[in-house]
>>> print(open('target_2.cif').read())   # mmCIF, C-alpha atoms
data_target
#
loop_
_atom_site.group_PDB
_atom_site.id
_atom_site.type_symbol
_atom_site.label_atom_id
_atom_site.label_comp_id
_atom_site.auth_asym_id
_atom_site.auth_seq_id
_atom_site.Cartn_x
_atom_site.Cartn_y
_atom_site.Cartn_z
ATOM 1 C CA MET A 1 16.649 -32.197 -14.258
ATOM 2 C CA SER A 2 17.735 -35.306 -16.173
ATOM 3 C CA ASP A 3 20.194 -36.169 -13.382
ATOM 4 C CA VAL A 4 17.387 -35.852 -10.804
ATOM 5 C CA ALA A 5 15.146 -38.108 -12.902
ATOM 6 C CA ALA A 6 17.867 -40.756 -13.212
ATOM 7 C CA LEU A 7 18.656 -40.763 -9.487
ATOM 8 C CA ALA A 8 14.975 -40.904 -8.501
ATOM 9 C CA GLY A 9 14.162 -43.540 -11.104
ATOM 10 C CA VAL A 10 11.393 -41.477 -12.717
ATOM 11 C CA SER A 11 10.854 -39.672 -15.997
ATOM 12 C CA HIS A 12 11.922 -36.130 -16.827
ATOM 13 C CA GLN A 13 8.213 -35.210 -16.999
ATOM 14 C CA THR A 14 7.614 -36.478 -13.448
ATOM 15 C CA VAL A 15 10.388 -34.256 -12.118
ATOM 16 C CA SER A 16 8.794 -31.332 -13.939
ATOM 17 C CA ARG A 17 5.407 -32.136 -12.390
ATOM 18 C CA VAL A 18 6.934 -32.230 -8.894
ATOM 19 C CA LEU A 19 8.649 -28.877 -9.433
ATOM 20 C CA ASN A 20 5.356 -27.367 -10.586
ATOM 21 C CA ASP A 21 3.280 -28.902 -7.745
ATOM 22 C CA HIS A 22 1.154 -30.943 -10.131
ATOM 23 C CA PRO A 23 -1.542 -32.856 -8.173
ATOM 24 C CA SER A 24 -1.210 -36.057 -10.183
ATOM 25 C CA VAL A 25 2.113 -37.111 -8.594
ATOM 26 C CA ARG A 26 1.855 -39.792 -5.900
ATOM 27 C CA PRO A 27 3.225 -38.742 -2.470
ATOM 28 C CA GLU A 28 5.905 -41.457 -2.395
ATOM 29 C CA THR A 29 7.100 -40.451 -5.889
ATOM 30 C CA ARG A 30 7.185 -36.796 -4.888
ATOM 31 C CA ASP A 31 9.249 -37.633 -1.796
ATOM 32 C CA ARG A 32 11.716 -39.643 -3.912
ATOM 33 C CA VAL A 33 12.151 -36.787 -6.376
ATOM 34 C CA LEU A 34 12.586 -34.215 -3.603
ATOM 35 C CA ALA A 35 15.208 -36.432 -1.952
ATOM 36 C CA ALA A 36 17.108 -36.637 -5.252
ATOM 37 C CA ILE A 37 16.899 -32.848 -5.640
ATOM 38 C CA ALA A 38 18.324 -32.382 -2.142
ATOM 39 C CA GLU A 39 21.129 -34.939 -2.714
ATOM 40 C CA LEU A 40 22.191 -33.387 -6.024
ATOM 41 C CA GLY A 41 21.788 -29.765 -4.905
ATOM 42 C CA TYR A 42 19.563 -29.117 -7.936
ATOM 43 C CA ARG A 43 18.434 -25.545 -8.560
ATOM 44 C CA ARG A 44 15.915 -24.554 -11.200
ATOM 45 C CA ASN A 45 17.539 -22.662 -14.107
ATOM 46 C CA SER A 46 15.403 -19.568 -14.470
ATOM 47 C CA ALA A 47 16.943 -18.551 -17.783
ATOM 48 C CA ALA A 48 16.259 -21.962 -19.331
ATOM 49 C CA ARG A 49 12.736 -21.991 -17.910
ATOM 50 C CA ALA A 50 12.070 -18.548 -19.404
ATOM 51 C CA LEU A 51 13.056 -19.834 -22.856
ATOM 52 C CA VAL A 52 10.489 -22.625 -22.582
ATOM 53 C CA THR A 53 7.622 -20.730 -20.944
ATOM 54 C CA ARG A 54 8.300 -17.328 -22.563
ATOM 55 C CA ARG A 55 8.038 -15.870 -19.083
ATOM 56 C CA THR A 56 10.813 -14.732 -16.737
ATOM 57 C CA GLY A 57 8.787 -14.955 -13.520
ATOM 58 C CA THR A 58 9.805 -11.374 -12.746
ATOM 59 C CA VAL A 59 7.627 -8.431 -11.730
ATOM 60 C CA GLY A 60 8.840 -4.839 -11.899
ATOM 61 C CA VAL A 61 7.806 -2.453 -9.105
ATOM 62 C CA VAL A 62 8.020 1.333 -9.415
ATOM 63 C CA THR A 63 7.995 3.121 -6.059
ATOM 64 C CA PRO A 64 8.536 6.732 -4.939
ATOM 65 C CA ALA A 65 11.806 7.565 -3.208
ATOM 66 C CA THR A 66 10.305 8.305 0.198
ATOM 67 C CA ALA A 67 10.514 6.941 3.718
ATOM 68 C CA LEU A 68 6.832 7.709 4.368
ATOM 69 C CA TYR A 69 5.049 4.841 6.091
ATOM 70 C CA GLY A 70 2.327 4.224 3.493
ATOM 71 C CA PRO A 71 4.423 3.861 0.302
ATOM 72 C CA THR A 72 7.181 1.961 2.124
ATOM 73 C CA SER A 73 4.710 -0.482 3.700
ATOM 74 C CA THR A 74 2.993 -0.922 0.337
ATOM 75 C CA LEU A 75 6.317 -1.881 -1.274
ATOM 76 C CA VAL A 76 6.968 -4.437 1.474
ATOM 77 C CA GLY A 77 3.473 -5.880 1.004
ATOM 78 C CA VAL A 78 3.866 -6.192 -2.767
ATOM 79 C CA GLU A 79 7.329 -7.753 -2.499
ATOM 80 C CA GLU A 80 6.186 -10.300 0.097
ATOM 81 C CA ALA A 81 3.131 -11.275 -1.939
ATOM 82 C CA ALA A 82 5.210 -11.633 -5.102
ATOM 83 C CA ARG A 83 7.695 -13.891 -3.340
ATOM 84 C CA VAL A 84 4.921 -16.089 -1.942
ATOM 85 C CA ALA A 85 3.465 -16.370 -5.455
ATOM 86 C CA GLY A 86 6.863 -17.425 -6.826
ATOM 87 C CA TRP A 87 7.786 -14.170 -8.589
ATOM 88 C CA PHE A 88 11.100 -12.369 -8.537
ATOM 89 C CA VAL A 89 10.875 -8.604 -7.935
ATOM 90 C CA SER A 90 12.887 -5.851 -9.600
ATOM 91 C CA VAL A 91 12.454 -2.413 -7.991
ATOM 92 C CA ALA A 92 12.900 1.033 -9.551
ATOM 93 C CA THR A 93 12.837 3.954 -7.103
ATOM 94 C CA LEU A 94 11.866 7.329 -8.571
ATOM 95 C CA ARG A 95 12.308 10.764 -7.015
ATOM 96 C CA GLN A 96 9.989 12.296 -9.625
ATOM 97 C CA PHE A 97 7.143 10.584 -11.474
ATOM 98 C CA ASP A 98 7.690 12.560 -14.658
ATOM 99 C CA GLY A 99 7.463 11.087 -18.142
ATOM 100 C CA ASP A 100 11.218 10.701 -18.659
ATOM 101 C CA ALA A 101 11.780 8.944 -15.333
ATOM 102 C CA MET A 102 8.863 6.569 -15.882
ATOM 103 C CA HIS A 103 10.000 5.822 -19.446
ATOM 104 C CA ARG A 104 13.505 4.947 -18.223
ATOM 105 C CA ALA A 105 12.074 2.691 -15.513
ATOM 106 C CA PHE A 106 9.924 0.829 -18.040
ATOM 107 C CA GLU A 107 12.792 0.451 -20.498
ATOM 108 C CA HIS A 108 14.856 -1.015 -17.667
ATOM 109 C CA PHE A 109 12.096 -3.478 -16.793
ATOM 110 C CA LEU A 110 11.339 -4.469 -20.380
ATOM 111 C CA GLY A 111 15.054 -5.084 -20.899
ATOM 112 C CA GLN A 112 14.836 -7.600 -18.061
ATOM 113 C CA GLY A 113 11.819 -9.245 -19.690
ATOM 114 C CA VAL A 114 9.400 -8.618 -16.809
ATOM 115 C CA ASP A 115 5.971 -10.225 -17.100
ATOM 116 C CA GLY A 116 4.155 -7.343 -15.428
ATOM 117 C CA VAL A 117 4.675 -4.073 -13.552
ATOM 118 C CA ALA A 118 3.231 -2.732 -10.292
ATOM 119 C CA ILE A 119 3.362 1.024 -9.809
ATOM 120 C CA ILE A 120 2.974 2.484 -6.322
ATOM 121 C CA ALA A 121 1.468 5.768 -7.482
ATOM 122 C CA PRO A 122 0.400 8.021 -4.610
ATOM 123 C CA THR A 123 0.440 11.367 -6.446
ATOM 124 C CA VAL A 124 -1.577 13.088 -9.144
ATOM 125 C CA GLN A 125 1.563 13.486 -11.250
ATOM 126 C CA ALA A 126 2.174 9.735 -11.268
ATOM 127 C CA VAL A 127 -1.297 8.913 -12.596
ATOM 128 C CA ASP A 128 -1.115 11.724 -15.171
ATOM 129 C CA VAL A 129 2.029 10.112 -16.569
ATOM 130 C CA LEU A 130 0.248 6.762 -16.787
ATOM 131 C CA ALA A 131 -2.280 8.269 -19.199
ATOM 132 C CA ALA A 132 0.459 8.406 -21.844
ATOM 133 C CA LEU A 133 2.020 5.084 -20.924
ATOM 134 C CA ASP A 134 2.274 2.408 -23.601
ATOM 135 C CA SER A 135 3.226 -0.917 -22.048
ATOM 136 C CA PRO A 136 3.305 -4.336 -23.738
ATOM 137 C CA VAL A 137 2.854 -6.039 -20.345
ATOM 138 C CA PRO A 138 0.047 -5.693 -17.769
ATOM 139 C CA VAL A 139 0.391 -2.843 -15.272
ATOM 140 C CA VAL A 140 -1.310 -2.584 -11.872
ATOM 141 C CA VAL A 141 -1.477 0.838 -10.247
ATOM 142 C CA VAL A 142 -1.441 0.696 -6.445
ATOM 143 C CA SER A 143 -3.384 3.840 -5.614
ATOM 144 C CA SER A 144 -6.686 4.941 -4.149
ATOM 145 C CA ALA A 145 -7.262 7.130 -7.227
ATOM 146 C CA ALA A 146 -10.593 6.383 -8.862
ATOM 147 C CA ASP A 147 -9.634 8.038 -12.125
ATOM 148 C CA VAL A 148 -6.774 5.771 -13.206
ATOM 149 C CA PRO A 149 -6.658 6.010 -17.015
ATOM 150 C CA SER A 150 -8.958 3.508 -18.687
ATOM 151 C CA GLU A 151 -6.527 1.507 -20.813
ATOM 152 C CA PRO A 152 -6.580 -2.241 -21.606
ATOM 153 C CA HIS A 153 -3.227 -2.874 -19.922
ATOM 154 C CA LEU A 154 -3.902 -0.743 -16.813
ATOM 155 C CA HIS A 155 -5.545 -2.038 -13.640
ATOM 156 C CA ALA A 156 -5.795 -0.501 -10.168
ATOM 157 C CA VAL A 157 -5.930 -1.629 -6.538
ATOM 158 C CA GLY A 158 -5.972 0.330 -3.304
ATOM 159 C CA VAL A 159 -7.247 0.763 0.222
ATOM 160 C CA ASP A 160 -10.569 2.606 0.425
ATOM 161 C CA GLN A 161 -9.297 5.874 1.866
ATOM 162 C CA GLN A 162 -12.675 7.614 1.854
ATOM 163 C CA GLN A 163 -14.236 4.773 3.815
ATOM 164 C CA GLY A 164 -11.373 4.926 6.320
ATOM 165 C CA ALA A 165 -11.782 8.675 6.776
ATOM 166 C CA ARG A 166 -15.516 8.249 7.292
ATOM 167 C CA LEU A 167 -14.861 5.629 9.990
ATOM 168 C CA ALA A 168 -12.542 8.031 11.829
ATOM 169 C CA THR A 169 -14.925 10.977 11.565
ATOM 170 C CA ALA A 170 -18.022 8.967 12.512
ATOM 171 C CA HIS A 171 -16.195 7.627 15.571
ATOM 172 C CA LEU A 172 -15.496 11.153 16.829
ATOM 173 C CA ILE A 173 -19.064 12.294 16.147
ATOM 174 C CA ASP A 174 -20.495 9.212 17.869
ATOM 175 C CA ALA A 175 -18.310 10.035 20.893
ATOM 176 C CA GLY A 176 -20.267 13.278 21.238
ATOM 177 C CA ARG A 177 -17.838 15.663 19.587
ATOM 178 C CA THR A 178 -19.741 18.574 18.067
ATOM 179 C CA GLY A 179 -17.058 19.533 15.564
ATOM 180 C CA VAL A 180 -14.203 17.684 13.855
ATOM 181 C CA LEU A 181 -11.307 19.653 12.368
ATOM 182 C CA HIS A 182 -9.381 17.876 9.618
ATOM 183 C CA VAL A 183 -5.621 18.377 9.396
ATOM 184 C CA ALA A 184 -5.136 17.245 5.799
ATOM 185 C CA GLY A 185 -2.088 16.036 3.925
ATOM 186 C CA PRO A 186 -0.765 17.556 0.679
ATOM 187 C CA GLN A 187 -3.528 17.649 -1.905
ATOM 188 C CA ASP A 188 -1.368 16.420 -4.785
ATOM 189 C CA TRP A 189 -1.555 13.007 -3.040
ATOM 190 C CA PHE A 190 -4.636 10.898 -3.766
ATOM 191 C CA ASP A 191 -4.718 9.486 -0.242
ATOM 192 C CA ALA A 192 -4.863 13.016 1.183
ATOM 193 C CA GLN A 193 -7.583 14.014 -1.267
ATOM 194 C CA ASP A 194 -9.708 10.956 -0.476
ATOM 195 C CA ARG A 195 -9.342 11.327 3.282
ATOM 196 C CA LEU A 196 -10.507 14.925 3.021
ATOM 197 C CA VAL A 197 -13.488 13.878 0.871
ATOM 198 C CA GLY A 198 -14.430 11.131 3.333
ATOM 199 C CA TRP A 199 -14.210 13.491 6.333
ATOM 200 C CA ARG A 200 -16.366 16.104 4.637
ATOM 201 C CA ALA A 201 -18.941 13.523 3.503
ATOM 202 C CA GLU A 202 -19.318 12.001 6.972
ATOM 203 C CA CYS A 203 -19.703 15.404 8.619
ATOM 204 C CA ALA A 204 -22.381 16.297 6.058
ATOM 205 C CA ALA A 205 -24.201 13.004 6.607
ATOM 206 C CA ALA A 206 -24.255 13.613 10.375
ATOM 207 C CA GLY A 207 -25.287 17.255 10.021
ATOM 208 C CA VAL A 208 -22.088 18.455 11.692
ATOM 209 C CA PRO A 209 -20.801 21.846 10.480
ATOM 210 C CA VAL A 210 -17.244 21.857 9.129
ATOM 211 C CA ASP A 211 -14.535 24.467 9.146
ATOM 212 C CA GLU A 212 -12.068 24.648 6.300
ATOM 213 C CA PRO A 213 -9.455 21.871 6.594
ATOM 214 C CA VAL A 214 -5.898 22.771 7.504
ATOM 215 C CA VAL A 215 -3.769 21.518 4.596
ATOM 216 C CA VAL A 216 -0.100 20.813 5.399
ATOM 217 C CA GLY A 217 2.583 18.216 4.622
ATOM 218 C CA TRP A 218 2.888 14.704 6.038
ATOM 219 C CA ALA A 219 5.569 15.354 8.695
ATOM 220 C CA ALA A 220 5.216 15.398 12.484
ATOM 221 C CA SER A 221 6.704 18.909 12.426
ATOM 222 C CA ASP A 222 3.717 20.036 10.321
ATOM 223 C CA GLY A 223 1.349 18.660 12.944
ATOM 224 C CA TYR A 224 3.344 20.354 15.706
ATOM 225 C CA ASP A 225 3.079 23.738 13.974
ATOM 226 C CA VAL A 226 -0.691 23.294 13.520
ATOM 227 C CA GLY A 227 -1.060 22.266 17.159
ATOM 228 C CA ARG A 228 0.727 25.363 18.421
ATOM 229 C CA ARG A 229 -1.502 27.529 16.249
ATOM 230 C CA LEU A 230 -4.640 25.825 17.555
ATOM 231 C CA VAL A 231 -3.491 26.419 21.135
ATOM 232 C CA ARG A 232 -3.084 30.140 20.369
ATOM 233 C CA GLU A 233 -6.248 30.614 18.298
ATOM 234 C CA GLY A 234 -8.698 28.205 19.900
ATOM 235 C CA LEU A 235 -9.018 24.441 20.216
ATOM 236 C CA PRO A 236 -11.534 22.412 18.220
ATOM 237 C CA ASP A 237 -13.612 19.735 19.893
ATOM 238 C CA ALA A 238 -11.822 17.000 17.928
ATOM 239 C CA VAL A 239 -9.158 16.593 15.249
ATOM 240 C CA PHE A 240 -8.912 13.996 12.511
ATOM 241 C CA ALA A 241 -5.285 13.994 11.329
ATOM 242 C CA ALA A 242 -4.508 12.664 7.853
ATOM 243 C CA ASN A 243 -1.711 10.439 9.151
ATOM 244 C CA ASP A 244 -0.168 9.320 12.422
ATOM 245 C CA GLN A 245 2.888 11.552 12.071
ATOM 246 C CA LEU A 246 0.667 14.633 11.971
ATOM 247 C CA ALA A 247 -1.150 13.291 15.028
ATOM 248 C CA LEU A 248 2.186 12.824 16.799
ATOM 249 C CA GLY A 249 3.119 16.473 16.174
ATOM 250 C CA LEU A 250 -0.277 17.615 17.441
ATOM 251 C CA LEU A 251 0.159 15.576 20.627
ATOM 252 C CA HIS A 252 3.549 17.193 21.196
ATOM 253 C CA ALA A 253 2.148 20.717 20.849
ATOM 254 C CA PHE A 254 -0.851 19.947 23.054
ATOM 255 C CA TRP A 255 1.357 18.408 25.761
ATOM 256 C CA GLU A 256 3.625 21.469 25.833
ATOM 257 C CA ALA A 257 0.588 23.729 26.336
ATOM 258 C CA GLY A 258 -1.052 21.543 28.974
ATOM 259 C CA VAL A 259 -3.922 20.586 26.669
ATOM 260 C CA ARG A 260 -5.345 17.212 27.699
ATOM 261 C CA VAL A 261 -6.096 14.532 25.101
ATOM 262 C CA PRO A 262 -8.855 13.372 24.958
ATOM 263 C CA GLU A 263 -10.369 15.434 27.795
ATOM 264 C CA ASP A 264 -9.892 18.815 26.074
ATOM 265 C CA VAL A 265 -9.633 17.672 22.459
ATOM 266 C CA ALA A 266 -10.056 14.207 20.923
ATOM 267 C CA LEU A 267 -7.638 13.008 18.251
ATOM 268 C CA VAL A 268 -7.664 10.322 15.549
ATOM 269 C CA GLY A 269 -4.870 9.564 13.068
ATOM 270 C CA PHE A 270 -4.516 7.388 9.978
ATOM 271 C CA ASP A 271 -2.168 4.473 9.121
ATOM 272 C CA ASP A 272 -1.633 2.714 12.482
ATOM 273 C CA GLU A 273 2.076 3.037 11.925
ATOM 274 C CA VAL A 274 4.536 1.185 14.136
ATOM 275 C CA GLY A 275 4.552 2.786 17.575
ATOM 276 C CA SER A 276 1.188 4.572 17.413
ATOM 277 C CA ALA A 277 -0.134 2.336 20.197
ATOM 278 C CA HIS A 278 2.602 3.798 22.435
ATOM 279 C CA TYR A 279 1.965 7.493 21.868
ATOM 280 C CA VAL A 280 0.793 9.340 24.990
ATOM 281 C CA PRO A 281 -2.097 8.752 25.008
ATOM 282 C CA PRO A 282 -2.241 5.704 22.687
ATOM 283 C CA LEU A 283 -3.564 6.875 19.321
ATOM 284 C CA THR A 284 -6.903 5.925 17.809
ATOM 285 C CA THR A 285 -6.173 5.500 14.115
ATOM 286 C CA VAL A 286 -7.209 3.888 10.842
ATOM 287 C CA ARG A 287 -5.324 0.735 9.884
ATOM 288 C CA GLN A 288 -4.468 -0.205 6.306
ATOM 289 C CA ASP A 289 -3.761 -3.881 5.618
ATOM 290 C CA PHE A 290 -0.660 -3.565 3.459
ATOM 291 C CA SER A 291 -0.156 -7.323 3.284
ATOM 292 C CA ALA A 292 -3.642 -7.741 1.833
ATOM 293 C CA LEU A 293 -2.999 -4.824 -0.527
ATOM 294 C CA GLY A 294 0.207 -6.434 -1.800
ATOM 295 C CA ALA A 295 -1.562 -9.760 -2.301
ATOM 296 C CA LEU A 296 -4.360 -7.995 -4.200
ATOM 297 C CA ALA A 297 -1.833 -6.238 -6.447
ATOM 298 C CA ILE A 298 -0.085 -9.503 -7.351
ATOM 299 C CA ASP A 299 -3.392 -11.340 -7.829
ATOM 300 C CA THR A 300 -4.546 -8.535 -10.130
ATOM 301 C CA LEU A 301 -1.362 -8.820 -12.206
ATOM 302 C CA GLU A 302 -1.706 -12.587 -12.478
ATOM 303 C CA THR A 303 -5.357 -12.236 -13.508
ATOM 304 C CA ALA A 304 -4.393 -9.706 -16.171
ATOM 305 C CA MET A 305 -1.573 -11.925 -17.457
ATOM 306 C CA THR A 306 -4.058 -14.707 -18.116
ATOM 307 C CA GLY A 307 -6.438 -12.437 -20.006
ATOM 308 C CA GLY A 308 -8.736 -11.441 -17.158
ATOM 309 C CA GLU A 309 -10.099 -7.940 -16.576
ATOM 310 C CA PRO A 310 -9.854 -7.343 -12.813
ATOM 311 C CA GLY A 311 -10.726 -3.616 -12.993
ATOM 312 C CA HIS A 312 -10.356 -1.234 -10.026
ATOM 313 C CA ARG A 313 -10.373 -3.185 -6.753
ATOM 314 C CA LEU A 314 -10.435 -1.668 -3.247
ATOM 315 C CA ILE A 315 -10.051 -3.260 0.172
ATOM 316 C CA PRO A 316 -11.614 -1.714 3.294
ATOM 317 C CA ALA A 317 -9.753 0.133 6.045
ATOM 318 C CA GLU A 318 -10.204 -0.642 9.747
ATOM 319 C CA LEU A 319 -10.653 1.698 12.703
ATOM 320 C CA VAL A 320 -8.434 0.912 15.720
ATOM 321 C CA VAL A 321 -9.844 2.580 18.838
ATOM 322 C CA ARG A 322 -7.459 3.642 21.600
ATOM 323 C CA ALA A 323 -7.404 6.260 24.361
ATOM 324 C CA SER A 324 -6.849 9.442 22.304
ATOM 325 C CA SER A 325 -10.459 9.631 21.155
ATOM 326 C CA GLY A 326 -12.185 8.939 24.481
ATOM 327 C CA ALA A 327 -15.021 10.881 26.029
ATOM 328 C CA ARG A 328 -14.624 14.457 27.208
ATOM 329 C CA GLY A 329 -13.709 14.749 30.894
#
>>> encode(input="target_2.cif", output="structure tokens")
Amino acid sequence: MSDVAALAGVSHQTVSRVLNDHPSVRPETRDRVLAAIAELGYRRNSAARALVTRRTGTVGVVTPATALYGPTSTLVGVEEAARVAGWFVSVATLRQFDGDAMHRAFEHFLGQGVDGVAIIAPTVQAVDVLAALDSPVPVVVVSSAADVPSEPHLHAVGVDQQQGARLATAHLIDAGRTGVLHVAGPQDWFDAQDRLVGWRAECAAAGVPVDEPVVVGWAASDGYDVGRRLVREGLPDAVFAANDQLALGLLHAFWEAGVRVPEDVALVGFDDEVGSAHYVPPLTTVRQDFSALGALAIDTLETAMTGGEPGHRLIPAELVVRASSGARG
């Protein structure tokens, strides 16, 4: 930094102000400093900066070891938002969210001197572990769960899954469907729980009777098996599937049996995963803004680091209407 200051003909403090985007630096001075940085190939020394600021500029992220669209897209959103905000990201991938695994992940992060931790916590087990967590740095839980433990260092963000499920269900009811079957995801996942609650609440509000939901896994093969069973036992008027992969499996089973979508049965999914617009027919679904979710998670961490109390913050979901939910033929 001293070499940059000498070449640019400014003080060490001016170089520091330029590097930290301080508004008091005149444009011509900033340009001169940036030119000196480029000529000298200067790179900020993160280790030295950490000694001065007592911060490493690093955020730890705990994520489940899964290729499912939601958790993976959430990780991408958090990482992108952290990078834009100037944070480095260290990722720990866990196959089980048990106490030992979480403890090891936190010890790893604390050994790196992270300034905060984001936990992508989709399951009941993950949040149960957080109840016993003792962290010296702020933690943001990325989950729709409303009952995240109330601890000073814990904060939560998520997409409003119940609101998204209500949008999907209301859309089918408004299209004239007299009954909406819900093919639900595994109930140890908060997203699956909330989508079921939202579906049931919207049906009740509209006075539409509900059958028991069909609870399965998240895979397209689960949806295919349910679809074949529905073909054998009787088709509902409409189906709200808990994710797009389940909807894809249902479409496959219906196509094999000659069931027309949406003429014979309407279908709505959840996630708007890549390719859902190219299903046959294109899938009506609920979109989650994972970029906005990642930005909210990082903003929540930064607020907590400066002594704020951001609390539990949710962003709304969005219904994307396509051909699969159209009117009955």
>>> atom_distance(input="target_2.cif", atom1="atom CA of Ala85 of chain A", atom2="atom CA of Val139 of chain A")
17.0 Å
>>> closest_residue(input="target_2.cif", among="A:Ala192, A:Val197, A:Val183, A:Ala304", to="Val137 of chain A", atoms="only C-alpha atoms")
A:Ala304
>>> atom_distance(input="target_2.cif", atom1="atom CA of Pro281 of chain A", atom2="atom CA of Ala206 of chain A")
27.0 Å
>>> atom_distance(input="target_2.cif", atom1="atom CA of Asp98 of chain A", atom2="atom CA of Ile120 of chain A")
13.9 Å
>>> closest_residue(input="target_2.cif", among="A:Thr14, A:Thr29, A:Asn243, A:Thr284", to="Pro186 of chain A", atoms="only C-alpha atoms")
A:Asn243
>>> residues_around(input="target_2.cif", residues="Asp3 of chain A", least_positions_apart="4", cutoff="10 Å", atoms="all atoms listed in the file", output="list in words")
Leu7, Ala8, Gly9, His12, Ala36, Ile37, Leu40 and Tyr42 of chain A
>>> closest_residue(input="target_2.cif", among="A:Gln125, A:Gln112, A:Ser144, A:Ser221", to="Gly164 of chain A", atoms="all atoms listed in the file")
A:Ser144
